[in-house]
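Structure first, then comments.
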Amino acid sequence: MKTTEADSKYDHLEKMDTRDLLKGMNKEDREVPKAIKKAIPSIEKLVNAVYAKMKKGGRLFYLGAGTSGRLGIVDASECPPTFGVEHGLVIGLIAGGDAAIRKAVEFAEDDLKQGWKDLQKYKITSKDSVIGIAASGSTPYVIGALQECRKHKILTGCITCNKHSELAKVADFPVEVVVGPEFVTGSTRMKSGTAQKLVLNMISTSVMIKLGRVKGNKMVDMQLSNNKLIERGTAMLMRNTGLKDKNLAKKELLKHKSVRKATEAILKRGKK
């Protein structure tokens, strides 16, 4: 019996009042960071391996089905606005294609060959890295893709919530975060999904920091895509350069379209 399929510790959920339902879910959710803490050594190895590839110009692919696929797409889509990297550096793929982001595509995850076909559309090479995401660790779409990746000398990792899964066996750097039975039996969108989201955050953020996309603790390369981010960038620029005039700082930020570039330009002028 897979841990992700094991019976919930709770029963007769339909008879519980709202407060007890919420308390039960919250109690189970508190187990997630504990499970991730145990997996940090494995996450560290995966981060270092992916960073080494990306430092040399490689891309990072996430591959999953259902909730796992959607989480990979979320993480990939947030890298350009957060860290200012180009679209296409981190790519999320889901079984069933983009239509599956909003609506489940029946049996898409059961195709052992489609994952590799999807990767080939991006002309994947041994410079790249692929992380398969599957709570069960048994999703054919993901397993098949990683098997082919290994044949082509492409670095592979995985995030799964079961021990000794088939997926972990075909990954160079497996990450197993065993969070235990779900509050609703088998509903891996809950604790397992939370664990996957947190691990993805850790992987992408750590890699981007190591690639120089954060300075101090600030997102100096973030895209200025809305007023909130422009205001945040203006405040960062004022702190970085000592500028007192907010309007001038904002003008410089919009001119250079980056906190990093605006800071460098202002400081360079100050040294002349």
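Chain lettering (A, B, ...) mirrors the order of the structure tokens, residue numbering begins at 1 for each chain separately, and ligand numbering begins at 1 in order of display.
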
Task: All alpha helix (DSSP H) residues (DSSP, backbone) inside range 18-85 of chain A, as a VMD selection string - done: chain A and resid 18 to 29 31 to 55 66 to 83

Open item on the list: Residues near Thr205 in chain A, anyone? I mean within 10 Å using only C-alpha atoms, not counting same-chain ones fewer than 2 positions away, as JSON, numbers by chain.
Closed with: {"A": [47, 75, 79, 82, 83, 199, 200, 201, 202, 203, 207, 208, 209, 210, 211, 213, 214]}

Open item on the list: Under the rule that only C-alpha atoms are counted, which of A:Leu155, A:Ala104, A:Ser204, A:Met236 is the nearest residue to Met219 in chain A?
Closed with: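 The answer is A:Met236, which sits nearest to Met219 in chain A.
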
Open item on the list: Residues of range 83-271 of chain A classed as strand (DSSP E or B) by DSSP on the backbone are to be reported as a list in words.
Closed with: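 So, restricting range 83-271 of chain A to strand (DSSP E or B), we get Val90, Ile91, Gly92, Leu93, Ile94, Ser129, Val130, Ile131, Gly132, Ile133, Leu155, Thr156, Gly157, Cys158, Ile159, Thr160, Phe173, Pro174, Val175, Glu176, Lys215 and Lys218 of chain A.
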
File dump, residues just selected, N, CA and C atoms, as a PDB file, in the first residue's frame:
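What landed in result_14.pdb:
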```pdb
ATOM      1  N   VAL A  90      12.964  28.142 -17.507  1.00  0.00           N
ATOM      2  CA  VAL A  90      12.306  27.140 -16.662  1.00  0.00           C
ATOM      3  C   VAL A  90      10.953  26.849 -17.305  1.00  0.00           C
ATOM      4  N   ILE A  91      10.703  25.586 -17.614  1.00  0.00           N
ATOM      5  CA  ILE A  91       9.521  25.211 -18.395  1.00  0.00           C
ATOM      6  C   ILE A  91       8.732  24.131 -17.662  1.00  0.00           C
ATOM      7  N   GLY A  92       7.439  24.337 -17.531  1.00  0.00           N
ATOM      8  CA  GLY A  92       6.568  23.342 -16.908  1.00  0.00           C
ATOM      9  C   GLY A  92       5.709  22.647 -17.952  1.00  0.00           C
ATOM     10  N   LEU A  93       5.680  21.317 -17.914  1.00  0.00           N
ATOM     11  CA  LEU A  93       4.874  20.533 -18.848  1.00  0.00           C
ATOM     12  C   LEU A  93       3.890  19.659 -18.069  1.00  0.00           C
ATOM     13  N   ILE A  94       2.684  19.521 -18.603  1.00  0.00           N
ATOM     14  CA  ILE A  94       1.651  18.734 -17.929  1.00  0.00           C
ATOM     15  C   ILE A  94       1.053  17.719 -18.899  1.00  0.00           C
ATOM     16  N   SER A 129      18.060  19.920 -17.579  1.00  0.00           N
ATOM     17  CA  SER A 129      17.683  19.097 -16.433  1.00  0.00           C
ATOM     18  C   SER A 129      16.164  18.901 -16.444  1.00  0.00           C
ATOM     19  N   VAL A 130      15.716  17.743 -15.994  1.00  0.00           N
ATOM     20  CA  VAL A 130      14.281  17.441 -15.936  1.00  0.00           C
ATOM     21  C   VAL A 130      13.925  16.932 -14.549  1.00  0.00           C
ATOM     22  N   ILE A 131      12.929  17.554 -13.926  1.00  0.00           N
ATOM     23  CA  ILE A 131      12.430  17.106 -12.621  1.00  0.00           C
ATOM     24  C   ILE A 131      11.012  16.589 -12.801  1.00  0.00           C
ATOM     25  N   GLY A 132      10.821  15.312 -12.549  1.00  0.00           N
ATOM     26  CA  GLY A 132       9.499  14.708 -12.615  1.00  0.00           C
ATOM     27  C   GLY A 132       8.781  14.873 -11.288  1.00  0.00           C
ATOM     28  N   ILE A 133       7.522  15.248 -11.347  1.00  0.00           N
ATOM     29  CA  ILE A 133       6.744  15.486 -10.124  1.00  0.00           C
ATOM     30  C   ILE A 133       5.549  14.541 -10.122  1.00  0.00           C
ATOM     31  N   LEU A 155      20.189  15.068 -17.125  1.00  0.00           N
ATOM     32  CA  LEU A 155      20.078  15.014 -15.667  1.00  0.00           C
ATOM     33  C   LEU A 155      18.609  14.934 -15.246  1.00  0.00           C
ATOM     34  N   THR A 156      18.311  14.026 -14.316  1.00  0.00           N
ATOM     35  CA  THR A 156      16.933  13.852 -13.855  1.00  0.00           C
ATOM     36  C   THR A 156      16.819  13.943 -12.337  1.00  0.00           C
ATOM     37  N   GLY A 157      15.724  14.521 -11.903  1.00  0.00           N
ATOM     38  CA  GLY A 157      15.370  14.546 -10.490  1.00  0.00           C
ATOM     39  C   GLY A 157      13.893  14.244 -10.367  1.00  0.00           C
ATOM     40  N   CYS A 158      13.415  14.063  -9.161  1.00  0.00           N
ATOM     41  CA  CYS A 158      11.981  13.863  -8.982  1.00  0.00           C
ATOM     42  C   CYS A 158      11.554  14.323  -7.602  1.00  0.00           C
ATOM     43  N   ILE A 159      10.260  14.608  -7.492  1.00  0.00           N
ATOM     44  CA  ILE A 159       9.634  14.915  -6.205  1.00  0.00           C
ATOM     45  C   ILE A 159       8.452  13.969  -6.064  1.00  0.00           C
ATOM     46  N   THR A 160       8.504  13.114  -5.060  1.00  0.00           N
ATOM     47  CA  THR A 160       7.428  12.156  -4.838  1.00  0.00           C
ATOM     48  C   THR A 160       7.138  12.046  -3.346  1.00  0.00           C
ATOM     49  N   PHE A 173      18.503  12.130  -9.025  1.00  0.00           N
ATOM     50  CA  PHE A 173      18.438  12.820  -7.736  1.00  0.00           C
ATOM     51  C   PHE A 173      16.996  12.811  -7.221  1.00  0.00           C
ATOM     52  N   PRO A 174      16.570  11.706  -6.630  1.00  0.00           N
ATOM     53  CA  PRO A 174      15.195  11.620  -6.136  1.00  0.00           C
ATOM     54  C   PRO A 174      15.001  12.382  -4.822  1.00  0.00           C
ATOM     55  N   VAL A 175      13.861  13.029  -4.704  1.00  0.00           N
ATOM     56  CA  VAL A 175      13.465  13.676  -3.453  1.00  0.00           C
ATOM     57  C   VAL A 175      12.161  13.027  -3.013  1.00  0.00           C
ATOM     58  N   GLU A 176      12.182  12.371  -1.860  1.00  0.00           N
ATOM     59  CA  GLU A 176      11.008  11.680  -1.332  1.00  0.00           C
ATOM     60  C   GLU A 176      10.541  12.401  -0.065  1.00  0.00           C
ATOM     61  N   LYS A 215      20.075  39.947  -4.851  1.00  0.00           N
ATOM     62  CA  LYS A 215      21.200  40.663  -4.228  1.00  0.00           C
ATOM     63  C   LYS A 215      20.805  41.041  -2.818  1.00  0.00           C
ATOM     64  N   LYS A 218      17.006  40.895  -1.896  1.00  0.00           N
ATOM     65  CA  LYS A 218      16.059  41.612  -2.755  1.00  0.00           C
ATOM     66  C   LYS A 218      16.010  41.034  -4.168  1.00  0.00           C
TER      67      LYS A 218
END
```

Open item on the list: Give me, as an MDAnalysis selection string, all polymer residues having an atom no more than 9 Å from Lys191 in chain A, counting only C-alpha atoms and skipping those fewer than 2 positions away in the same chain.
Closed with: chainID A and resid 25 28:29 31:32 179:183 187:189 193:196

- [ ] Name all residues at most 6 Å from Tyr141 in chain A (count only C-alpha atoms; drop same-chain ones fewer than 4 positions away) and give them as number ranges by chain.
- [x] A: 109-112, 115

Could you turn the residues from that selection into a file that holds N, CA and C atoms, as a PDB file, in the first residue's frame?
```pdb
ATOM      1  N   GLU A 109      -2.224  10.856 -18.225  1.00  0.00           N
ATOM      2  CA  GLU A 109      -1.054  10.501 -17.425  1.00  0.00           C
ATOM      3  C   GLU A 109      -0.615   9.044 -17.612  1.00  0.00           C
ATOM      4  N   ASP A 110      -1.436   8.255 -18.286  1.00  0.00           N
ATOM      5  CA  ASP A 110      -1.139   6.829 -18.425  1.00  0.00           C
ATOM      6  C   ASP A 110      -0.297   6.489 -19.650  1.00  0.00           C
ATOM      7  N   ASP A 111       0.036   7.502 -20.451  1.00  0.00           N
ATOM      8  CA  ASP A 111       0.820   7.288 -21.666  1.00  0.00           C
ATOM      9  C   ASP A 111       2.308   7.327 -21.324  1.00  0.00           C
ATOM     10  N   LEU A 112       2.961   6.182 -21.437  1.00  0.00           N
ATOM     11  CA  LEU A 112       4.371   6.052 -21.053  1.00  0.00           C
ATOM     12  C   LEU A 112       5.308   6.818 -21.989  1.00  0.00           C
ATOM     13  N   GLY A 115       5.375  11.839 -22.409  1.00  0.00           N
ATOM     14  CA  GLY A 115       6.231  12.790 -21.694  1.00  0.00           C
ATOM     15  C   GLY A 115       7.506  13.091 -22.464  1.00  0.00           C
TER      16      GLY A 115
END
```

Open item on the list: List the spatial neighbours of range 11-21 of chain A as a PyMOL selection string - criterion: any atom at most 10 Å away, only C-alpha atoms, same-chain residues fewer than 5 positions off excluded.
Closed with: chain A and resi 26-27+183-185

Pull C-alpha atoms from the residues just selected and write them as a short mmCIF file (atom, residue, chain, number, x, y, z; two decimals), in the first residue's frame.
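out-v8.cif written:
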```
data_model
loop_
_atom_site.label_atom_id
_atom_site.label_comp_id
_atom_site.auth_asym_id
_atom_site.auth_seq_id
_atom_site.Cartn_x
_atom_site.Cartn_y
_atom_site.Cartn_z
CA ASN A 26 -4.51 22.00 9.89
CA LYS A 27 -3.11 19.29 12.15
CA PHE A 183 -7.04 13.97 5.42
CA VAL A 184 -9.35 12.79 2.64
CA THR A 185 -7.99 9.38 1.66
#
```

Open item on the list: Env of Leu248 in chain A: 12 Å cut, atoms = only C-alpha atoms, seq-sep filter 6 positions within chain, self excluded. Answer as JSON, numbers by chain.
Closed with: {"A": [234, 235, 237, 238, 241, 242, 254, 255, 262, 266]}

Task: Proximity to Met190 in chain A - best of A:Lys2, A:Leu229, A:Ile36, A:Ser68, only C-alpha atoms - done: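 Selected residue with least distance to Met190 in chain A: A:Ser68.
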
- [ ] Find, counting only C-alpha atoms, the residue in A:Asp7, A:Leu198, A:Leu267, A:Lys53 that gets nearest to Ile40 in chain A.
- [x]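 Comparing A:Asp7, A:Leu198, A:Leu267, A:Lys53 against Ile40 in chain A, the winner is A:Leu198.
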
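Minimum distance to Lys127 in chain A across A:Val105, A:Ala249, A:Ile154, A:Leu46 (counting only C-alpha atoms) occurs at A:Ile154.
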
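Minimum atom-to-atom distances from A:Asn162, A:Gly144, A:Val178, A:Ile124 to Lys38 in chain A were compared using only C-alpha atoms, and the lowest value belongs to A:Val178.
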
Task: d(CA of Glu166 in chain A, CA of Ala135 in chain A) in Å - done: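 Distance between the two atoms: 11.6 Å.
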
Task: Proximity to Thr67 in chain A - best of A:Leu243, A:Ile230, A:Ala171, A:Ala95, only C-alpha atoms - done: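 Counting only C-alpha atoms, the residue closest to Thr67 in chain A is A:Ala95.
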